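What follows is the content of query_32.cif (mmCIF, C-alpha atoms and all ligand atoms).
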data_my_file
#
loop_
_atom_site.label_atom_id
_atom_site.label_comp_id
_atom_site.auth_asym_id
_atom_site.auth_seq_id
_atom_site.Cartn_x
_atom_site.Cartn_y
_atom_site.Cartn_z
CA ASP A 289 -9.25 -6.91 -8.46
CA THR A 290 -7.73 -4.71 -5.80
CA GLY A 291 -7.52 -5.26 -2.05
CA SER A 292 -6.15 -3.87 1.17
CA ALA A 293 -5.47 -5.50 4.53
CA ALA A 294 -4.01 -4.41 7.86
CA ALA A 295 -0.50 -5.36 8.99
CA THR A 296 -0.65 -5.28 12.78
CA PRO A 297 2.39 -5.64 15.08
CA ILE A 298 2.07 -8.83 17.12
CA ASP A 299 3.63 -7.21 20.18
CA PRO A 300 2.70 -3.76 21.54
CA ARG A 301 6.20 -3.24 23.00
CA PHE A 302 8.29 -3.68 19.83
CA ASP A 303 7.83 -4.60 16.18
CA ILE A 304 8.96 -8.23 16.02
CA ALA A 305 6.49 -9.14 13.25
CA TYR A 306 3.18 -8.09 11.68
CA VAL A 307 0.08 -10.22 11.08
CA THR A 308 -2.75 -9.83 8.58
CA PRO A 309 -6.26 -11.37 8.74
CA VAL A 310 -7.03 -13.84 5.93
CA THR A 311 -10.00 -16.16 5.27
CA ILE A 312 -9.72 -19.74 4.05
CA GLY A 313 -12.45 -22.07 2.79
CA THR A 314 -16.24 -22.22 2.81
CA PRO A 315 -17.63 -21.07 5.19
CA PRO A 316 -14.66 -18.70 5.68
CA GLN A 317 -12.20 -19.54 8.47
CA THR A 318 -10.22 -16.46 9.64
CA LEU A 319 -6.54 -16.76 10.57
CA GLN A 320 -3.87 -14.14 11.34
CA LEU A 321 -0.89 -14.78 9.06
CA ASP A 322 2.55 -13.21 8.70
CA LEU A 323 3.02 -11.99 5.11
CA ASP A 324 6.64 -12.81 4.33
CA THR A 325 8.47 -11.68 1.18
CA GLY A 326 11.45 -13.79 2.35
CA SER A 327 9.79 -17.14 1.66
CA SER A 328 7.22 -18.65 -0.70
CA ASP A 329 5.18 -21.19 1.26
CA LEU A 330 1.66 -20.43 2.49
CA TRP A 331 1.33 -22.63 5.56
CA VAL A 332 -1.08 -22.66 8.49
CA PHE A 333 -1.66 -24.23 11.85
CA SER A 334 -4.36 -26.81 11.14
CA SER A 335 -6.52 -29.63 12.45
CA HIS A 336 -3.53 -31.81 11.48
CA THR A 337 -1.19 -30.02 13.90
CA PRO A 338 -0.73 -32.10 17.09
CA ALA A 339 -2.61 -30.51 19.98
CA SER A 340 0.65 -30.50 21.98
CA GLN A 341 2.12 -28.08 19.42
CA VAL A 342 -0.85 -25.68 19.33
CA ARG A 343 -0.99 -22.99 22.02
CA GLY A 344 -3.67 -20.44 21.26
CA GLN A 345 -3.17 -20.23 17.52
CA ARG A 346 -6.24 -20.30 15.29
CA ILE A 347 -6.31 -23.37 13.02
CA TYR A 348 -7.58 -24.17 9.52
CA ALA A 349 -9.72 -27.32 9.42
CA PRO A 350 -9.99 -28.47 5.79
CA ASP A 351 -12.66 -31.01 6.75
CA LYS A 352 -14.90 -28.10 7.77
CA SER A 353 -14.62 -26.47 4.36
CA THR A 354 -16.86 -27.60 1.47
CA THR A 355 -14.33 -26.26 -1.04
CA SER A 356 -11.14 -27.91 0.32
CA LYS A 357 -9.40 -30.59 -1.73
CA LEU A 358 -6.45 -32.70 -0.61
CA LEU A 359 -3.48 -32.32 -3.00
CA ASN A 360 -2.76 -36.05 -3.04
CA GLY A 361 0.80 -37.18 -2.32
CA HIS A 362 2.15 -33.66 -1.82
CA THR A 363 4.20 -32.63 1.22
CA TRP A 364 6.19 -29.61 2.31
CA SER A 365 8.97 -28.85 4.77
CA ILE A 366 10.57 -25.49 5.44
CA THR A 367 13.36 -24.16 7.66
CA TYR A 368 13.78 -20.41 8.30
CA GLY A 369 16.87 -18.36 8.94
CA ASP A 370 16.22 -18.30 12.66
CA GLY A 371 16.21 -22.10 12.76
CA SER A 372 12.45 -22.43 13.13
CA GLY A 373 10.56 -24.71 10.80
CA SER A 374 7.43 -26.67 9.96
CA ARG A 375 6.22 -29.40 7.62
CA GLY A 376 3.04 -31.17 6.55
CA ASN A 377 0.63 -31.91 3.70
CA VAL A 378 -1.21 -29.75 1.20
CA TYR A 379 -4.81 -28.83 0.34
CA THR A 380 -6.22 -26.38 -2.14
CA ASP A 381 -9.02 -24.08 -1.04
CA LYS A 382 -10.51 -20.61 -1.49
CA PHE A 383 -8.18 -17.98 0.03
CA THR A 384 -8.83 -14.27 0.52
CA ILE A 385 -6.69 -11.35 1.71
CA GLY A 386 -8.27 -7.90 1.87
CA GLY A 387 -11.03 -8.80 -0.58
CA VAL A 388 -8.72 -10.39 -3.16
CA THR A 389 -9.72 -14.06 -3.59
CA VAL A 390 -7.86 -16.96 -5.18
CA LYS A 391 -10.35 -19.76 -5.81
CA SER A 392 -7.82 -22.59 -5.59
CA GLN A 393 -4.77 -21.65 -3.49
CA ALA A 394 -2.32 -24.28 -2.21
CA ILE A 395 -2.75 -24.23 1.57
CA GLU A 396 0.09 -26.06 3.32
CA THR A 397 -1.29 -27.58 6.52
CA ALA A 398 1.20 -28.12 9.34
CA GLN A 399 1.60 -31.62 10.75
CA GLN A 400 4.62 -30.45 12.73
CA VAL A 401 5.84 -27.01 13.83
CA SER A 402 9.02 -26.13 15.76
CA SER A 403 8.80 -24.88 19.33
CA SER A 404 9.24 -21.20 18.45
CA PHE A 405 6.04 -21.37 16.37
CA THR A 406 4.18 -23.11 19.19
CA THR A 407 5.20 -20.38 21.64
CA GLU A 408 4.34 -17.53 19.24
CA ASP A 409 0.55 -17.55 19.74
CA ALA A 410 0.00 -14.44 17.58
CA ILE A 411 1.12 -16.09 14.34
CA ASP A 412 -1.21 -18.74 12.82
CA GLY A 413 1.08 -19.28 9.83
CA LEU A 414 2.80 -17.51 6.96
CA VAL A 415 1.89 -16.23 3.50
CA GLY A 416 5.04 -16.46 1.41
CA LEU A 417 5.28 -13.55 -1.06
CA GLY A 418 8.71 -14.41 -2.42
CA PHE A 419 9.06 -15.92 -5.91
CA SER A 420 7.38 -19.28 -6.39
CA THR A 421 10.73 -20.91 -7.21
CA LEU A 422 11.36 -20.99 -3.43
CA ASN A 423 8.20 -23.01 -2.69
CA THR A 424 9.04 -26.25 -0.88
CA VAL A 425 6.01 -28.39 -1.89
CA SER A 426 7.04 -31.72 -3.40
CA PRO A 427 6.72 -33.35 -5.92
CA ASN A 428 5.16 -30.30 -7.63
CA GLY A 429 6.01 -26.78 -6.40
CA GLN A 430 2.99 -24.53 -5.80
CA LEU A 431 2.33 -20.91 -6.68
CA THR A 432 2.20 -18.11 -4.12
CA PHE A 433 -0.99 -16.17 -3.41
CA PHE A 434 0.46 -13.22 -5.37
CA ASP A 435 1.34 -15.36 -8.42
CA ASN A 436 -2.16 -16.87 -8.39
CA ALA A 437 -3.89 -13.50 -7.87
CA LYS A 438 -1.71 -11.49 -10.27
CA PRO A 439 -3.65 -12.15 -13.53
CA ASN A 440 -6.83 -10.80 -11.91
CA LEU A 441 -5.23 -7.79 -10.21
CA ASP A 442 -5.83 -4.35 -11.79
CA SER A 443 -2.03 -3.97 -11.66
CA PRO A 444 0.45 -6.85 -10.98
CA VAL A 445 1.77 -5.31 -7.76
CA PHE A 446 1.51 -5.43 -4.01
CA THR A 447 2.72 -2.71 -1.65
CA ALA A 448 3.92 -2.69 1.96
CA ASP A 449 3.26 0.28 4.22
CA LEU A 450 4.54 -1.04 7.56
CA LYS A 451 4.53 1.31 10.54
CA TYR A 452 6.41 1.76 13.82
CA MET A 453 4.40 0.26 16.68
CA LYS A 454 1.07 0.64 14.95
CA PRO A 455 -0.89 -1.07 12.17
CA GLY A 456 0.09 -0.46 8.56
CA THR A 457 -1.30 -1.97 5.36
CA TYR A 458 -0.57 -4.37 2.53
CA ASP A 459 -2.33 -3.38 -0.71
CA PHE A 460 -2.81 -5.70 -3.67
CA GLY A 461 -3.37 -4.63 -7.29
CA PHE A 462 -2.96 -0.89 -6.91
CA ILE A 463 -0.61 1.85 -5.70
CA ASP A 464 -2.26 4.19 -3.17
CA LYS A 465 -0.92 7.68 -3.85
CA THR A 466 -2.05 8.88 -0.42
CA LYS A 467 0.45 6.55 1.25
CA TYR A 468 3.67 8.16 0.04
CA THR A 469 5.28 11.49 -0.75
CA GLY A 470 7.45 12.47 -3.72
CA GLU A 471 8.32 9.93 -6.38
CA ILE A 472 8.68 6.15 -6.22
CA THR A 473 12.23 5.07 -7.18
CA TYR A 474 12.17 1.72 -8.96
CA VAL A 475 15.27 -0.50 -9.19
CA PRO A 476 15.79 -3.93 -10.79
CA VAL A 477 15.13 -7.15 -8.86
CA GLU A 478 17.29 -10.25 -9.14
CA THR A 479 14.80 -13.15 -8.84
CA ASP A 480 17.44 -15.88 -8.44
CA PRO A 481 17.16 -17.75 -6.06
CA GLY A 482 13.72 -16.34 -5.31
CA TYR A 483 13.93 -13.36 -2.95
CA TRP A 484 13.12 -9.73 -3.77
CA THR A 485 16.84 -8.98 -4.16
CA PHE A 486 17.85 -5.40 -5.07
CA THR A 487 20.90 -3.19 -4.76
CA SER A 488 20.92 -0.16 -2.47
CA SER A 489 23.10 2.75 -3.59
CA GLY A 490 24.79 3.33 -0.24
CA TYR A 491 24.41 4.42 3.36
CA GLY A 492 25.09 7.18 5.87
CA VAL A 493 25.26 7.28 9.67
CA GLY A 494 23.34 10.17 11.22
CA SER A 495 24.32 13.50 9.65
CA GLY A 496 27.63 12.01 8.46
CA THR A 497 28.73 11.76 4.85
CA PHE A 498 26.80 9.41 2.57
CA SER A 499 28.95 6.53 1.33
CA SER A 500 27.94 5.66 -2.25
CA SER A 501 28.62 1.94 -2.41
CA PRO A 502 26.32 -0.82 -3.73
CA ILE A 503 24.70 -3.00 -1.07
CA THR A 504 22.87 -6.01 -2.51
CA GLY A 505 20.24 -7.47 -0.21
CA ILE A 506 16.70 -8.78 0.09
CA ALA A 507 13.57 -6.80 0.97
CA ASP A 508 12.12 -9.08 3.62
CA THR A 509 8.85 -8.30 5.44
CA GLY A 510 9.31 -11.49 7.51
CA THR A 511 12.54 -10.38 9.14
CA SER A 512 12.33 -7.94 12.06
CA LEU A 513 15.71 -6.24 11.77
CA VAL A 514 18.23 -4.99 9.21
CA TYR A 515 21.30 -7.16 8.59
CA LEU A 516 24.17 -5.46 6.68
CA PRO A 517 27.92 -6.00 6.13
CA THR A 518 30.06 -5.75 9.27
CA ALA A 519 31.93 -2.66 8.00
CA ILE A 520 28.67 -0.70 7.84
CA VAL A 521 27.44 -2.00 11.19
CA THR A 522 30.68 -1.12 13.01
CA ALA A 523 30.63 2.36 11.42
CA TYR A 524 27.14 2.83 12.86
CA TYR A 525 27.80 1.57 16.40
CA ARG A 526 31.06 3.55 16.59
CA GLN A 527 28.69 6.52 17.03
CA VAL A 528 26.81 4.91 19.93
CA GLN A 529 28.12 5.39 23.49
CA GLY A 530 28.66 2.05 25.22
CA ALA A 531 27.75 -0.11 22.22
CA THR A 532 29.34 -3.56 22.14
CA ASN A 533 29.00 -6.62 19.96
CA SER A 534 27.74 -9.07 22.58
CA ARG A 535 28.40 -12.76 22.05
CA SER A 536 25.93 -13.65 24.78
CA TYR A 537 23.11 -11.57 23.28
CA GLY A 538 24.12 -12.50 19.73
CA GLY A 539 24.57 -9.02 18.37
CA TYR A 540 25.18 -5.33 18.99
CA VAL A 541 23.74 -4.04 22.24
CA PHE A 542 24.00 -0.65 23.95
CA PRO A 543 22.67 1.18 27.02
CA CYS A 544 18.97 1.92 26.33
CA ASN A 545 19.55 5.57 27.29
CA SER A 546 22.30 6.01 24.68
CA THR A 547 21.72 8.60 21.97
CA LEU A 548 21.38 6.81 18.63
CA PRO A 549 22.10 8.32 15.23
CA ALA A 550 19.64 7.81 12.37
CA PHE A 551 20.64 5.40 9.59
CA VAL A 552 20.29 6.58 5.99
CA PHE A 553 20.18 4.20 3.01
CA GLY A 554 19.95 4.96 -0.69
CA VAL A 555 17.85 3.49 -3.48
CA GLY A 556 18.97 4.98 -6.79
CA GLU A 557 19.11 8.74 -6.23
CA ALA A 558 16.60 8.58 -3.35
CA LYS A 559 17.52 8.57 0.34
CA PHE A 560 15.62 6.91 3.20
CA THR A 561 16.16 7.71 6.86
CA ILE A 562 15.58 5.11 9.56
CA PRO A 563 14.96 7.26 12.65
CA PRO A 564 16.83 6.56 15.90
CA SER A 565 13.67 5.16 17.53
CA TYR A 566 13.56 2.34 14.98
CA MET A 567 17.27 1.62 15.53
CA SER A 568 16.74 0.59 19.14
CA TYR A 569 14.95 -2.70 18.66
CA ALA A 570 14.10 -3.74 22.23
CA ALA A 571 15.49 -4.24 25.71
CA VAL A 572 17.38 -7.55 25.73
CA THR A 573 14.99 -8.74 28.44
CA ASP A 574 12.01 -6.95 29.95
CA GLY A 575 13.16 -4.04 32.07
CA SER A 576 16.84 -4.45 31.23
CA PRO A 577 18.85 -1.21 30.76
CA THR A 578 20.57 -2.93 27.79
CA CYS A 579 18.98 -2.61 24.35
CA PHE A 580 19.42 -4.75 21.21
CA GLY A 581 20.14 -2.86 17.99
CA GLY A 582 17.80 -2.79 15.01
CA LEU A 583 20.88 -2.98 12.75
CA GLN A 584 22.97 -6.15 13.00
CA SER A 585 25.74 -7.79 11.02
CA SER A 586 24.82 -10.07 8.11
CA SER A 587 28.18 -11.89 8.27
CA GLY A 588 26.59 -14.98 9.86
CA ILE A 589 23.63 -15.03 7.47
CA GLY A 590 25.15 -14.95 4.00
CA VAL A 591 22.74 -12.36 2.65
CA ASN A 592 22.03 -8.74 3.53
CA ILE A 593 18.45 -8.30 4.74
CA TRP A 594 16.38 -5.10 4.64
CA GLY A 595 13.83 -6.23 7.22
CA ASP A 596 10.96 -4.44 8.94
CA VAL A 597 13.21 -1.83 10.62
CA ALA A 598 14.05 -0.51 7.13
CA LEU A 599 10.72 -1.25 5.43
CA LYS A 600 8.89 0.81 8.10
CA ALA A 601 10.81 3.88 6.92
CA ALA A 602 9.35 3.68 3.41
CA PHE A 603 6.43 2.81 1.15
CA VAL A 604 7.56 -0.21 -0.85
CA VAL A 605 6.12 -1.46 -4.17
CA PHE A 606 6.74 -5.10 -5.05
CA ASN A 607 6.18 -4.94 -8.81
CA GLY A 608 5.42 -8.34 -10.34
CA GLU A 609 5.60 -7.26 -13.97
CA GLU A 610 8.17 -8.98 -16.21
CA PRO A 611 10.93 -8.21 -15.28
CA PRO A 612 10.01 -7.59 -11.65
CA THR A 613 11.23 -4.39 -9.99
CA ILE A 614 10.98 -2.94 -6.49
CA GLY A 615 9.95 0.65 -5.79
CA TRP A 616 10.78 2.76 -2.73
CA ALA A 617 9.15 6.04 -1.72
CA ASN A 618 9.30 8.26 1.35
CA LYS A 619 6.10 8.72 3.38
C1 LIG A 701 13.13 -11.32 17.58
C2 LIG A 701 14.35 -11.27 16.70
C3 LIG A 701 15.60 -11.55 17.49
C4 LIG A 701 14.45 -9.94 16.01
S1 LIG A 701 14.18 -12.51 15.48
O1 LIG A 701 15.30 -12.48 14.61
O2 LIG A 701 13.97 -13.76 16.15
N1 LIG A 701 12.85 -12.21 14.63
C5 LIG A 701 12.48 -13.22 13.65
C6 LIG A 701 11.01 -13.12 13.28
C7 LIG A 701 10.13 -13.58 14.36
C8 LIG A 701 8.85 -13.13 14.38
C9 LIG A 701 7.98 -13.52 15.36
C10 LIG A 701 8.39 -14.38 16.38
C11 LIG A 701 9.68 -14.84 16.37
C12 LIG A 701 10.55 -14.44 15.35
C13 LIG A 701 13.28 -13.00 12.37
O3 LIG A 701 13.55 -11.87 11.98
N2 LIG A 701 13.60 -14.11 11.74
C14 LIG A 701 14.33 -14.05 10.51
C15 LIG A 701 15.76 -14.12 10.96
C16 LIG A 701 16.75 -14.48 10.04
C17 LIG A 701 16.70 -14.41 8.71
N3 LIG A 701 17.87 -14.89 8.29
C18 LIG A 701 18.58 -15.22 9.32
N4 LIG A 701 17.89 -14.97 10.39
C19 LIG A 701 13.74 -15.17 9.63
O4 LIG A 701 14.03 -16.32 9.79
N5 LIG A 701 12.76 -14.71 8.79
C20 LIG A 701 12.00 -15.63 7.95
C21 LIG A 701 10.49 -15.53 8.28
C22 LIG A 701 10.21 -15.66 9.79
C23 LIG A 701 10.46 -17.06 10.33
C24 LIG A 701 10.06 -17.20 11.78
C25 LIG A 701 8.62 -16.80 12.01
C26 LIG A 701 8.33 -15.41 11.50
C27 LIG A 701 8.76 -15.25 10.05
C28 LIG A 701 12.18 -15.25 6.43
O5 LIG A 701 11.29 -16.05 5.61
O6 LIG A 701 11.90 -13.87 6.27
C29 LIG A 701 13.62 -15.55 5.89
F1 LIG A 701 13.72 -14.94 4.69
F2 LIG A 701 14.52 -15.08 6.71
C30 LIG A 701 13.81 -17.03 5.69
O7 LIG A 701 14.29 -17.71 6.57
N6 LIG A 701 13.41 -17.52 4.48
C31 LIG A 701 13.45 -18.95 4.20
C32 LIG A 701 14.08 -19.12 2.87
N7 LIG A 701 14.01 -20.52 2.47
C33 LIG A 701 15.04 -20.73 1.43
C34 LIG A 701 14.93 -22.14 0.91
O8 LIG A 701 13.62 -22.36 0.43
C35 LIG A 701 12.61 -22.20 1.41
C36 LIG A 701 12.65 -20.81 1.98
#

Can I see the file as structure tokens?
Ligand SMILES: CC(C)(C)S(=O)(=O)N[C@@H](Cc1ccccc1)C(=O)N[C@@H](Cc1c[nH]c[nH+]1)C(=O)N[C@@H](CC1CCCCC1)C(O)(O)C(F)(F)C(=O)NCCN1CCOCC1
Amino acid sequence: DTGSAAATPIDPRFDIAYVTPVTIGTPPQTLQLDLDTGSSDLWVFSSHTPASQVRGQRIYAPDKSTTSKLLNGHTWSITYGDGSGSRGNVYTDKFTIGGVTVKSQAIETAQQVSSSFTTEDAIDGLVGLGFSTLNTVSPNGQLTFFDNAKPNLDSPVFTADLKYMKPGTYDFGFIDKTKYTGEITYVPVETDPGYWTFTSSGYGVGSGTFSSSPITGIADTGTSLVYLPTAIVTAYYRQVQGATNSRSYGGYVFPCNSTLPAFVFGVGEAKFTIPPSYMSYAAVTDGSPTCFGGLQSSSGIGVNIWGDVALKAAFVVFNGEEPPTIGWANK
């Protein structure tokens, strides 16, 4: 098998997240889900989600699918880094992304979602593409879509080609040579505790010198921004006129008309440049002259996160061979 599906920004003004169309059940029910390498639960808004918590999202109704089966006695509950969360019960059903079908995928149906999910009408749920060890289903953990699909994929990989303010693609089972330039640099992945954890070889601010120092972090399609050690973040914002670390806004902000340097990060011998446009995430509120930075400190998180702001600057191969590796190429 091979497949390809669009990753479309949910907001035309700035890249907060990307959604991908999937189909569930028989006849197929289409939902727009956020493919997230930072978690490993596939959960959806459903006919079990209280109407008061559903505001425009599409839902999966297992009772309308002839192939759905309740996974008796199984429940799930997940909390994300931004404090949002959801919980519910579990079905298995036919699940397809971009033409790749898993006949019996664990579909976690939400019986409760936190308010930030209710208010985000563009996201109907998540497809966790982290390692299955992170799956929260109890009493028996379930496999991710990728782990279920892998044996039937031409190659045990999926790739992310996210783009700045326009649709990109997720490919499954093959590496599309037309999507990158030069070589793909592969580095080892640490699978404990279950993220795509790798070590970057260093960073540079604008045209400044490149600092070769290992930065271990996770490649996370479900996180909008880049979160790195404070020393790196302060070195970056030192080059930005009027930048301050705002307690009220919860991070580094600067005047939207400030000139921003690019941010360079290394993977092995390769270098990747996040252009200044990606480094200004968004105005803190609509129309404000103050902008929120795409690079923030990881000190409050406990892990460095290479989120969408970094992933957009590259073509990334999530290689599920044993042992897993991650590949980065320019594009
Ligand atoms: C707008 C913003 C200020 C840049 S934001 O930070 O709010 N953006 C959110 C994403 C978002 C999209 C759409 C609407 C609203 C919010 C964001 O970047 N959230 C990160 C922030 C973060 C990470 N760490 C600390 N803070 C996050 O929680 N990302 C998770 C997926 C998100 C959750 C909210 C909905 C969209 C998808 C994540 O899965 O990528 C994760 F890795 F960060 C995470 O929390 N993984 C859960 C890991 N657990 C470990 C235990 O076992 C179960 C799984």

**OP:** Residues within 7 Å of ligand LIG 701 (chain A), counting all atoms listed in the file: report them as a ChimeraX atom specification.
**Re:** /A:304-305,322,324-328,366-372,404-405,408,422-424,508-513,589

Subject >> Distance in Å - atom CA of A:Tyr306 versus atom CA of A:Phe606 >> reply: 17.4 Å

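Interatomic distance, atom CA of A:Val378 to atom CA of A:Leu319: 16.9 Å.
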
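The shortest atom-to-atom distance to A:Pro481, with only C-alpha atoms taken into account, belongs to A:Ile506 out of A:Ala617, A:Ile506, A:Ala519, A:Ile411.
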
Once you count only C-alpha atoms, what closest atom pair and distance in Å to one decimal does each residue of stretch 443-503 of chain A within 9 Å of stretch 554-559 of chain A have, with rows by chain and rising residue number, as CSV?
residue,atom,partner,partner_atom,distance
A:Glu471,CA,A:Ala558,CA,8.9
A:Ile472,CA,A:Ala558,CA,8.8
A:Thr473,CA,A:Gly556,CA,6.8
A:Tyr474,CA,A:Gly556,CA,7.8
A:Val475,CA,A:Gly556,CA,7.0
A:Thr487,CA,A:Val555,CA,7.5
A:Ser488,CA,A:Val555,CA,4.9
A:Ser489,CA,A:Gly554,CA,4.8
A:Gly490,CA,A:Gly554,CA,5.1
A:Tyr491,CA,A:Gly554,CA,6.0
A:Gly492,CA,A:Gly554,CA,8.6
A:Phe498,CA,A:Gly554,CA,8.8
A:Ser500,CA,A:Gly554,CA,8.2

Original post:
Quick one: residues within 12 Å of A:Thr355, only C-alpha atoms counted, chain neighbours fewer than 5 positions away excluded, as a VMD selection string?
Top reply: chain A and resid 312 to 317 349 to 350 379 to 383 391 to 393

Write the selection just made, keeping C-alpha atoms, as a CSV table (one decimal), keeping the file's coordinate frame?
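Generated output (again.csv):
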chain,number,residue,atom,x,y,z
A,312,ILE,CA,-9.7,-19.7,4.0
A,313,GLY,CA,-12.4,-22.1,2.8
A,314,THR,CA,-16.2,-22.2,2.8
A,315,PRO,CA,-17.6,-21.1,5.2
A,316,PRO,CA,-14.7,-18.7,5.7
A,317,GLN,CA,-12.2,-19.5,8.5
A,349,ALA,CA,-9.7,-27.3,9.4
A,350,PRO,CA,-10.0,-28.5,5.8
A,379,TYR,CA,-4.8,-28.8,0.3
A,380,THR,CA,-6.2,-26.4,-2.1
A,381,ASP,CA,-9.0,-24.1,-1.0
A,382,LYS,CA,-10.5,-20.6,-1.5
A,383,PHE,CA,-8.2,-18.0,0.0
A,391,LYS,CA,-10.4,-19.8,-5.8
A,392,SER,CA,-7.8,-22.6,-5.6
A,393,GLN,CA,-4.8,-21.6,-3.5

Subject >> atom CA of A:Pro549 to atom CA of A:Cys579, straight-line distance in Å >> reply: 14.6 Å

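When only C-alpha atoms are used to compute distances to A:Thr290, the closest of the residues A:Asp596, A:Asp329, A:Asp459, A:Asp351 turns out to be A:Asp459.
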
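Distances from A:Trp364, A:Trp484, A:Phe302, A:Tyr458 to A:Tyr566 were compared using only C-alpha atoms, and the smallest one belongs to A:Phe302.
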
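Shortest separation to A:Thr447 among A:Val514, A:Leu417, A:Leu431, A:Glu478 occurs at residue A:Leu417, atoms counted being all atoms listed in the file.
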
Original post:
Within 9 Å of A:Val493, counting all atoms listed in the file, which residues qualify if same-chain residues fewer than 6 places away don't, as a VMD selection string?
Top reply: chain A and resid 520 523 to 524 527 549 to 553

Within 10 Å of file point (5.7, -10.2, -14.8), counting only C-alpha atoms, expressed as a PDB file with C-alpha atoms, keeping the file's coordinate frame:
ATOM      1  CA  ASP A 435       1.340 -15.360  -8.420  1.00  0.00           C
ATOM      2  CA  LYS A 438      -1.710 -11.490 -10.270  1.00  0.00           C
ATOM      3  CA  PRO A 439      -3.650 -12.150 -13.530  1.00  0.00           C
ATOM      4  CA  PRO A 444       0.450  -6.850 -10.980  1.00  0.00           C
ATOM      5  CA  VAL A 445       1.770  -5.310  -7.760  1.00  0.00           C
ATOM      6  CA  ASN A 607       6.180  -4.940  -8.810  1.00  0.00           C
ATOM      7  CA  GLY A 608       5.420  -8.340 -10.340  1.00  0.00           C
ATOM      8  CA  GLU A 609       5.600  -7.260 -13.970  1.00  0.00           C
ATOM      9  CA  GLU A 610       8.170  -8.980 -16.210  1.00  0.00           C
ATOM     10  CA  PRO A 611      10.930  -8.210 -15.280  1.00  0.00           C
ATOM     11  CA  PRO A 612      10.010  -7.590 -11.650  1.00  0.00           C
ATOM     12  CA  THR A 613      11.230  -4.390  -9.990  1.00  0.00           C
TER      13      THR A 613
END

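Candidate residues A:Lys600, A:Gly387, A:Thr469, A:Asn533 were compared for distance to A:Met567, and the nearest is A:Lys600, using only C-alpha atoms.
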
Original post:
For A:Ala410, which residue among A:Phe333, A:Trp616, A:Tyr540, A:Trp594 is the nearest when counting all atoms listed in the file?
Top reply: A:Phe333

Original post:
So which residues are close to (13.3, 6.4, 6.6), meaning at most 6 Å away in the file's coordinates with all atoms listed in the file counted, and can you show them as a VMD selection string?
Top reply: chain A and resid 560 to 562 601 to 602

Nearby residues (only C-alpha atoms) at most 12 Å from A:Ser576, same-chain spacing under 2 positions excluded, as a PDB file with C-alpha atoms, keeping the file's coordinate frame:
ATOM      1  CA  VAL A 541      23.740  -4.040  22.240  1.00  0.00           C
ATOM      2  CA  PHE A 542      24.000  -0.650  23.950  1.00  0.00           C
ATOM      3  CA  PRO A 543      22.670   1.180  27.020  1.00  0.00           C
ATOM      4  CA  CYS A 544      18.970   1.920  26.330  1.00  0.00           C
ATOM      5  CA  ASN A 545      19.550   5.570  27.290  1.00  0.00           C
ATOM      6  CA  ALA A 570      14.100  -3.740  22.230  1.00  0.00           C
ATOM      7  CA  ALA A 571      15.490  -4.240  25.710  1.00  0.00           C
ATOM      8  CA  VAL A 572      17.380  -7.550  25.730  1.00  0.00           C
ATOM      9  CA  THR A 573      14.990  -8.740  28.440  1.00  0.00           C
ATOM     10  CA  ASP A 574      12.010  -6.950  29.950  1.00  0.00           C
ATOM     11  CA  THR A 578      20.570  -2.930  27.790  1.00  0.00           C
ATOM     12  CA  CYS A 579      18.980  -2.610  24.350  1.00  0.00           C
ATOM     13  CA  PHE A 580      19.420  -4.750  21.210  1.00  0.00           C
TER      14      PHE A 580
END

Can you give me N, CA and C atoms for stretch 543-551 of chain A, written as an mmCIF file, in the coordinates of the input?
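Saved file part15.cif follows:
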data_model
loop_
_atom_site.group_PDB
_atom_site.id
_atom_site.type_symbol
_atom_site.label_atom_id
_atom_site.label_comp_id
_atom_site.auth_asym_id
_atom_site.auth_seq_id
_atom_site.Cartn_x
_atom_site.Cartn_y
_atom_site.Cartn_z
ATOM 1 N N PRO A 543 23.529 0.706 25.933
ATOM 2 C CA PRO A 543 22.670 1.180 27.020
ATOM 3 C C PRO A 543 21.401 1.813 26.424
ATOM 4 N N CYS A 544 20.232 1.439 26.918
ATOM 5 C CA CYS A 544 18.970 1.920 26.330
ATOM 6 C C CYS A 544 18.885 3.447 26.356
ATOM 7 N N ASN A 545 19.638 4.105 27.267
ATOM 8 C CA ASN A 545 19.550 5.570 27.290
ATOM 9 C C ASN A 545 20.607 6.229 26.412
ATOM 10 N N SER A 546 21.318 5.415 25.614
ATOM 11 C CA SER A 546 22.300 6.010 24.680
ATOM 12 C C SER A 546 21.576 6.812 23.597
ATOM 13 N N THR A 547 22.271 7.847 23.111
ATOM 14 C CA THR A 547 21.720 8.600 21.970
ATOM 15 C C THR A 547 22.105 7.876 20.692
ATOM 16 N N LEU A 548 21.118 7.571 19.860
ATOM 17 C CA LEU A 548 21.380 6.810 18.630
ATOM 18 C C LEU A 548 21.320 7.749 17.419
ATOM 19 N N PRO A 549 22.247 7.582 16.489
ATOM 20 C CA PRO A 549 22.100 8.320 15.230
ATOM 21 C C PRO A 549 21.043 7.653 14.347
ATOM 22 N N ALA A 550 20.511 8.406 13.396
ATOM 23 C CA ALA A 550 19.640 7.810 12.370
ATOM 24 C C ALA A 550 20.535 6.990 11.435
ATOM 25 N N PHE A 551 19.900 6.147 10.613
ATOM 26 C CA PHE A 551 20.640 5.400 9.590
ATOM 27 C C PHE A 551 20.003 5.718 8.246
#
